Structure formats: structure tokens, C-alpha cells
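Everything on this sheet refers to the single structure shown next.
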Protein chains: 2
Amino acid sequence: MNKLLQKLTYGHYILTALKEGEDLKTRDNDYIAAGTVNWASQVSFEPEMLAVAVGQMSDLNETIDYSGHFTLHILGKDHKEMVEKFGSKSKVEANTINGVPFTKEKGEVVLENTLGYVTCKVTETVNVGDHTVHFGEVVRQNLQRDSEPICTMELTSQYKKEDLETA
Amino acid sequence: MNKLLQKLTYGHYILTALKEGEDLKTRDNDYIAAGTVNWASQVSFEPEMLAVAVGQMSDLNETIDYSGHFTLHILGKDHKEMVEKFGSKSKVEANTINGVPFTKEKGEVVLENTLGYVTCKVTETVNVGDHTVHFGEVVRQNLQRDSEPICTMELTSQYKKEDLETA
């Protein structure tokens with residue numbers, strides 16, 4: 001455990017990515033991936049751009065690569081349970097991921113009942129250490145509830161190396 | 001103002017960079033830059049790496065380019081005043097920056113009285129929109145006080161496009 005690096009503060013987000021089956025020649029099913037991430041940041045005002053870091057071997061990374069898009073959902077103080085639910089391998093069913101209803105909209109997977117979400121088109125991808133950082137330009141955003149977001153200091157468990165193996 | 005992107009949560013940090021005058025052929029004085037940043041994140045566990053986004057036209061960006069290193073200072077809940085002090089162009093004097101004492105250590109500028117700092121060696125630099133993202137591998141870190149860090153939601157003013165012009 002590195003006490004100093006754990007003083008860096010983040011939000012808790014759920015990141016989703018979708019590659020629809022109809023776009024694929026070898027497969028009918030959609031590729032859908034979802035997971036809790038902390039390492040996300042805006043990186044430009046004009047154009048509006050975000051960066052997210054995901055485990056290099058994760059389903060999320062693979063699906064973002066396929067799709068060229070990612071959707072970052074913002075969580076509020078009452079979403080602690082959701083942070084945990086999406087902390088390990090996701091269970092995707094017809095209309096739910098880990099029990100949370102979602103809709104497919106314009107190539108995005110949108111989870112119900114978050115504070116809002118922002119979808120980015122990937123413009124550049126950089127491998128750094130054991131993660132991949134995807135830079136993306138904001139193409140769509142939707143604020144659904146204007147309440148205060150949750151921050152990493154409000155949960156006792158932080159993102160750690162062991163989590164990489166379950167992503 | 002973009003209400004949705006302002007729901008992304010960050011810490012408040014002071015970023016410094018130093019290029020010592022003795023390394024330069026055309027100049028005796030050190031290049032020293034310092035400023036408040038929010039857009040910083042760990043991006044790898046192994047090796048430990050950080051990414052920071054700084055305004056492309058800022059003194060900080062230029063000095064990190066010269067130096068190949070940056071030092072991120074972590075601020076606590078009692079550092080609100082320091083966040084403001086380092087929010088616009090820095091005033092560097094013999095032993096202080098914006099009135100805060102600093103020491104030069106092994107090519108780093110270390111500010112006194114923060115929670116701690118981490119110095120990174122830049123491994124890759126990417127221009128994205130109006131910012132530059134520097135990726136760096138952690139080479140030195142020092143936790144000086146183990147108290148809770150300050151997060152963006154605790155201050156009313158957030159990093160905004162107009163701040164780019166004063167950096």
C-alpha cells in the first residue's frame with residue numbers, strides 16, 4: 001500500500017463501452033463492458049476532452065478499443081452500493097448489468113439512475129505501465145440529477161493493484 | 001459553464017518544476033514554475049506512474065519540458081488559502097514562491113508545509129486540445145503529514161477556461 005499516492009483524490013465513476021453485434025461480422029451479440037473507475041479526468045476545455053485509465057488486460061479496455069467510444073457515468077453520495085457492484089467482473093444480462101437497468105442509445109450503454117453521463121469519441125490511446133489511457137472528445141452529455149458527486153475519500157476501499165485481476 | 005463536467009471530482013495540488021540555471025548555457029537563473037492543478041491522476045500501479053494536464057501555453061508546461069520532471073504537492077483541508085495563492089501567475093523570490101518557503105532538492109522544488117509530494121520523471125508527453133498531458137514515473141515521494149486531502153467539491157471556484165490566461 002502506498003499511503004502517499006492514496007492521498008490523490010478522485011471521483012467514483014462507472015465506465016461503459018459498447019460494440020454492437022450488428023457491426024461485427026463474426027458475432028451477433030453485442031460486446032458490452034462496464035466497471036468502476038477512479039482514474040478519470042478532464043484534460044481540455046476547448047474542445048472538451050476527457051482521459052480515462054483502464055487496466056490493460058480488462059474487458060473495458062478491449063471493448064473501448066473495438067468501439068472507439070466510452071461513456072463515463074457520474075455517481076452521487078447515495079451510490080456507494082453501485083461502486084461495489086461494478087468493482088469486479090460485470091454480469092451482463094438482456095436489460096441489466098450487475099442488476100442495474102441500462103439502455104442502448106446511439107452506440108452507448110447508458111445506466112439508469114446515475115447523476116449523469118458523458119460519452120467520448122476516442123482520439124488517442126497511450127499504454128502506460130499496467131494501464132491504457134484513452135483520450136476522448138466529448139460527443140454527448142446528459143446531466144440527469146444535480147446532486148453532489150461521491151469522492152474517493154468517502155469509501156474506505158481504494159483502487160488497488162489486486163483489483164486489476166478481477167476487472 | 002458545463003455543469004456535468006464540473007461533477008468530475010479531483011484533488012487540489014500544487015505542481016512545481018525546476019530547471020537549474022547551472023544546467024543552462026544561456027542563463028544563470030533557475031527556471032522555476034509553480035501552480036495549482038486539479039487534473040492529475042495516477043495511471044499505473046507497476047511501475048507507479050502519474051499523469052498531469054497543464055495549460056499548453058503555461059510556464060509550468062514550458063518548465064516541465066525543460067526539466068523532464070515535475071513535483072506534485074498534495075494539499076489538505078487547511079490549505080484552501082494556498083490553492084488560491086497558486087491559482088494565478090507565480091511570484092518566485094529567493095526562498096519563497098507566492099510567499100511559501102521552498103527548498104531545492106535534487107532538481108526538485110519542494111514547498112514547505114503540504115501533506116507531501118511526489119516527483120516524477122516524464123516518460124511521455126501528449127498534446128490534447130488546449131492542454132498538455134505529461135506522463136511520469138514516480139522517482140521520489142515523501143508523505144509529510146497524514147491528514148485528509150482537500151477535494152474540488154470543498155471550494156466554490158473550479159478550474160475554468162479563463163484560468164488558462166493567467167497561468
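FYI, nothing fancy with the C-alpha cells labels: chains A, B, ... in order, residues from 1 per chain, ligands from 1 as they appear.
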
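Interface residues on chain B toward chain A (cut-off 7 Å, only C-alpha atoms): B:Leu4, B:Lys7, B:Leu8, B:Thr9, B:Tyr10, B:Gly11, B:Trp39, B:Ser41, B:Gln42, B:Val43, B:Ser44, B:Phe45, B:Glu46, B:Pro47, B:Ala53, B:Val128, B:Gly129, B:Asp130, B:His131, B:Leu143, B:Pro149, B:Cys151, B:Lys161.
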
Any chance you could export the current selection's C-alpha atoms as a CSV table (one decimal), in the first residue's frame?
```
chain,number,residue,atom,x,y,z
B,4,LEU,CA,-21.9,18.0,-16.0
B,7,LYS,CA,-19.3,16.9,-11.3
B,8,LEU,CA,-16.0,15.2,-12.0
B,9,THR,CA,-14.0,15.2,-8.7
B,10,TYR,CA,-10.3,16.0,-8.3
B,11,GLY,CA,-7.9,16.9,-5.6
B,39,TRP,CA,-6.3,17.4,-13.5
B,41,SER,CA,-4.2,11.2,-11.7
B,42,GLN,CA,-2.3,8.0,-11.0
B,43,VAL,CA,-2.3,5.9,-14.2
B,44,SER,CA,-0.3,2.8,-13.4
B,45,PHE,CA,0.4,0.7,-10.3
B,46,GLU,CA,3.5,-1.1,-11.6
B,47,PRO,CA,5.5,1.0,-12.3
B,53,ALA,CA,-2.6,18.1,-17.5
B,128,VAL,CA,-4.7,17.3,-26.2
B,129,GLY,CA,-6.8,20.2,-27.0
B,130,ASP,CA,-5.7,23.3,-25.1
B,131,HIS,CA,-3.6,21.3,-22.5
B,143,LEU,CA,4.5,11.8,2.9
B,149,PRO,CA,-6.7,15.8,1.4
B,151,CYS,CA,-11.1,17.8,-2.8
B,161,LYS,CA,-11.1,28.1,-19.2
```

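Residue-level DSSP output for stretch 37-140 of chain A, from the backbone, shows alpha helix (DSSP H) at Asp59, Leu60, Asn61, Glu62, Thr63, Ile64, Asp65, Tyr66, Ser67, Lys80, Glu81, Met82, Val83, Glu84 and Lys85 of chain A.
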
* Separation of atom CA of B:Leu155 from atom CA of B:Thr114, in Å and rounded to one decimal ->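 Value for the atom CA of B:Leu155-atom CA of B:Thr114 distance: 17.5 Å.
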
Which of stretch 32-78 of chain B end up as strand (DSSP E) when DSSP is run on this backbone - answer as a PDB file with C-alpha atoms, in the first residue's frame?
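This went into part.pdb:
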```pdb
ATOM      1  CA  ILE B  32      11.060  27.686 -11.599  1.00  0.00           C
ATOM      2  CA  ALA B  33       7.336  27.299 -12.196  1.00  0.00           C
ATOM      3  CA  ALA B  34       4.508  26.522  -9.805  1.00  0.00           C
ATOM      4  CA  GLY B  35       0.750  26.455  -9.994  1.00  0.00           C
ATOM      5  CA  THR B  36      -2.444  24.894  -8.710  1.00  0.00           C
ATOM      6  CA  VAL B  37      -3.658  21.933 -10.745  1.00  0.00           C
ATOM      7  CA  ALA B  40      -3.900  14.900 -12.053  1.00  0.00           C
ATOM      8  CA  SER B  41      -4.243  11.157 -11.668  1.00  0.00           C
ATOM      9  CA  GLN B  42      -2.321   8.005 -11.030  1.00  0.00           C
ATOM     10  CA  VAL B  43      -2.343   5.934 -14.242  1.00  0.00           C
ATOM     11  CA  SER B  44      -0.339   2.810 -13.379  1.00  0.00           C
ATOM     12  CA  MET B  49       3.017   6.481 -12.765  1.00  0.00           C
ATOM     13  CA  LEU B  50       1.069   9.736 -12.745  1.00  0.00           C
ATOM     14  CA  ALA B  51      -0.416  11.947 -15.430  1.00  0.00           C
ATOM     15  CA  VAL B  52      -0.915  15.707 -15.090  1.00  0.00           C
ATOM     16  CA  ALA B  53      -2.622  18.070 -17.535  1.00  0.00           C
ATOM     17  CA  VAL B  54      -1.309  21.652 -17.700  1.00  0.00           C
ATOM     18  CA  GLY B  55      -2.258  24.549 -19.945  1.00  0.00           C
ATOM     19  CA  HIS B  69      10.479  16.238 -14.187  1.00  0.00           C
ATOM     20  CA  PHE B  70       7.522  17.515 -12.190  1.00  0.00           C
ATOM     21  CA  THR B  71       6.677  17.514  -8.484  1.00  0.00           C
ATOM     22  CA  LEU B  72       3.076  17.225  -7.332  1.00  0.00           C
ATOM     23  CA  HIS B  73       2.300  18.516  -3.819  1.00  0.00           C
ATOM     24  CA  ILE B  74      -0.769  17.201  -2.057  1.00  0.00           C
TER      25      ILE B  74
END
```

* **For A:Lys85, the nearest of the candidates A:Ser58, A:Val109, A:Asn98, A:Thr103, counting only C-alpha atoms** => A:Asn98

* Asked: So what do you get for atom CA of B:Ser90 versus atom CA of B:Lys121, distance-wise?
  -> 22.7 Å

Set the distance at 8 Å and use only C-alpha atoms: which residues neighbour A:Asp30 once local chain neighbours fewer than 3 positions away are removed? I'd like the list as a compact mmCIF listing (two decimals) with N, CA and C atoms, in the first residue's frame.
```txt
# COMPACT_ATOMS: atom_id res chain seq x y z
N LEU A 18 -19.59 -0.10 -25.60
CA LEU A 18 -20.47 -0.97 -26.38
C LEU A 18 -19.98 -1.08 -27.80
N LYS A 19 -19.88 -2.32 -28.27
CA LYS A 19 -19.68 -2.53 -29.70
C LYS A 19 -20.83 -3.42 -30.14
N GLU A 20 -21.71 -2.86 -30.97
CA GLU A 20 -22.92 -3.60 -31.29
C GLU A 20 -22.65 -4.79 -32.23
N GLY A 21 -23.36 -5.90 -31.95
CA GLY A 21 -23.18 -7.14 -32.71
C GLY A 21 -23.40 -6.94 -34.19
N GLU A 22 -24.33 -6.09 -34.56
CA GLU A 22 -24.65 -5.91 -35.98
C GLU A 22 -23.49 -5.26 -36.75
N ARG A 27 -19.92 -12.23 -35.17
CA ARG A 27 -20.58 -12.35 -33.88
C ARG A 27 -21.91 -11.60 -33.94
```
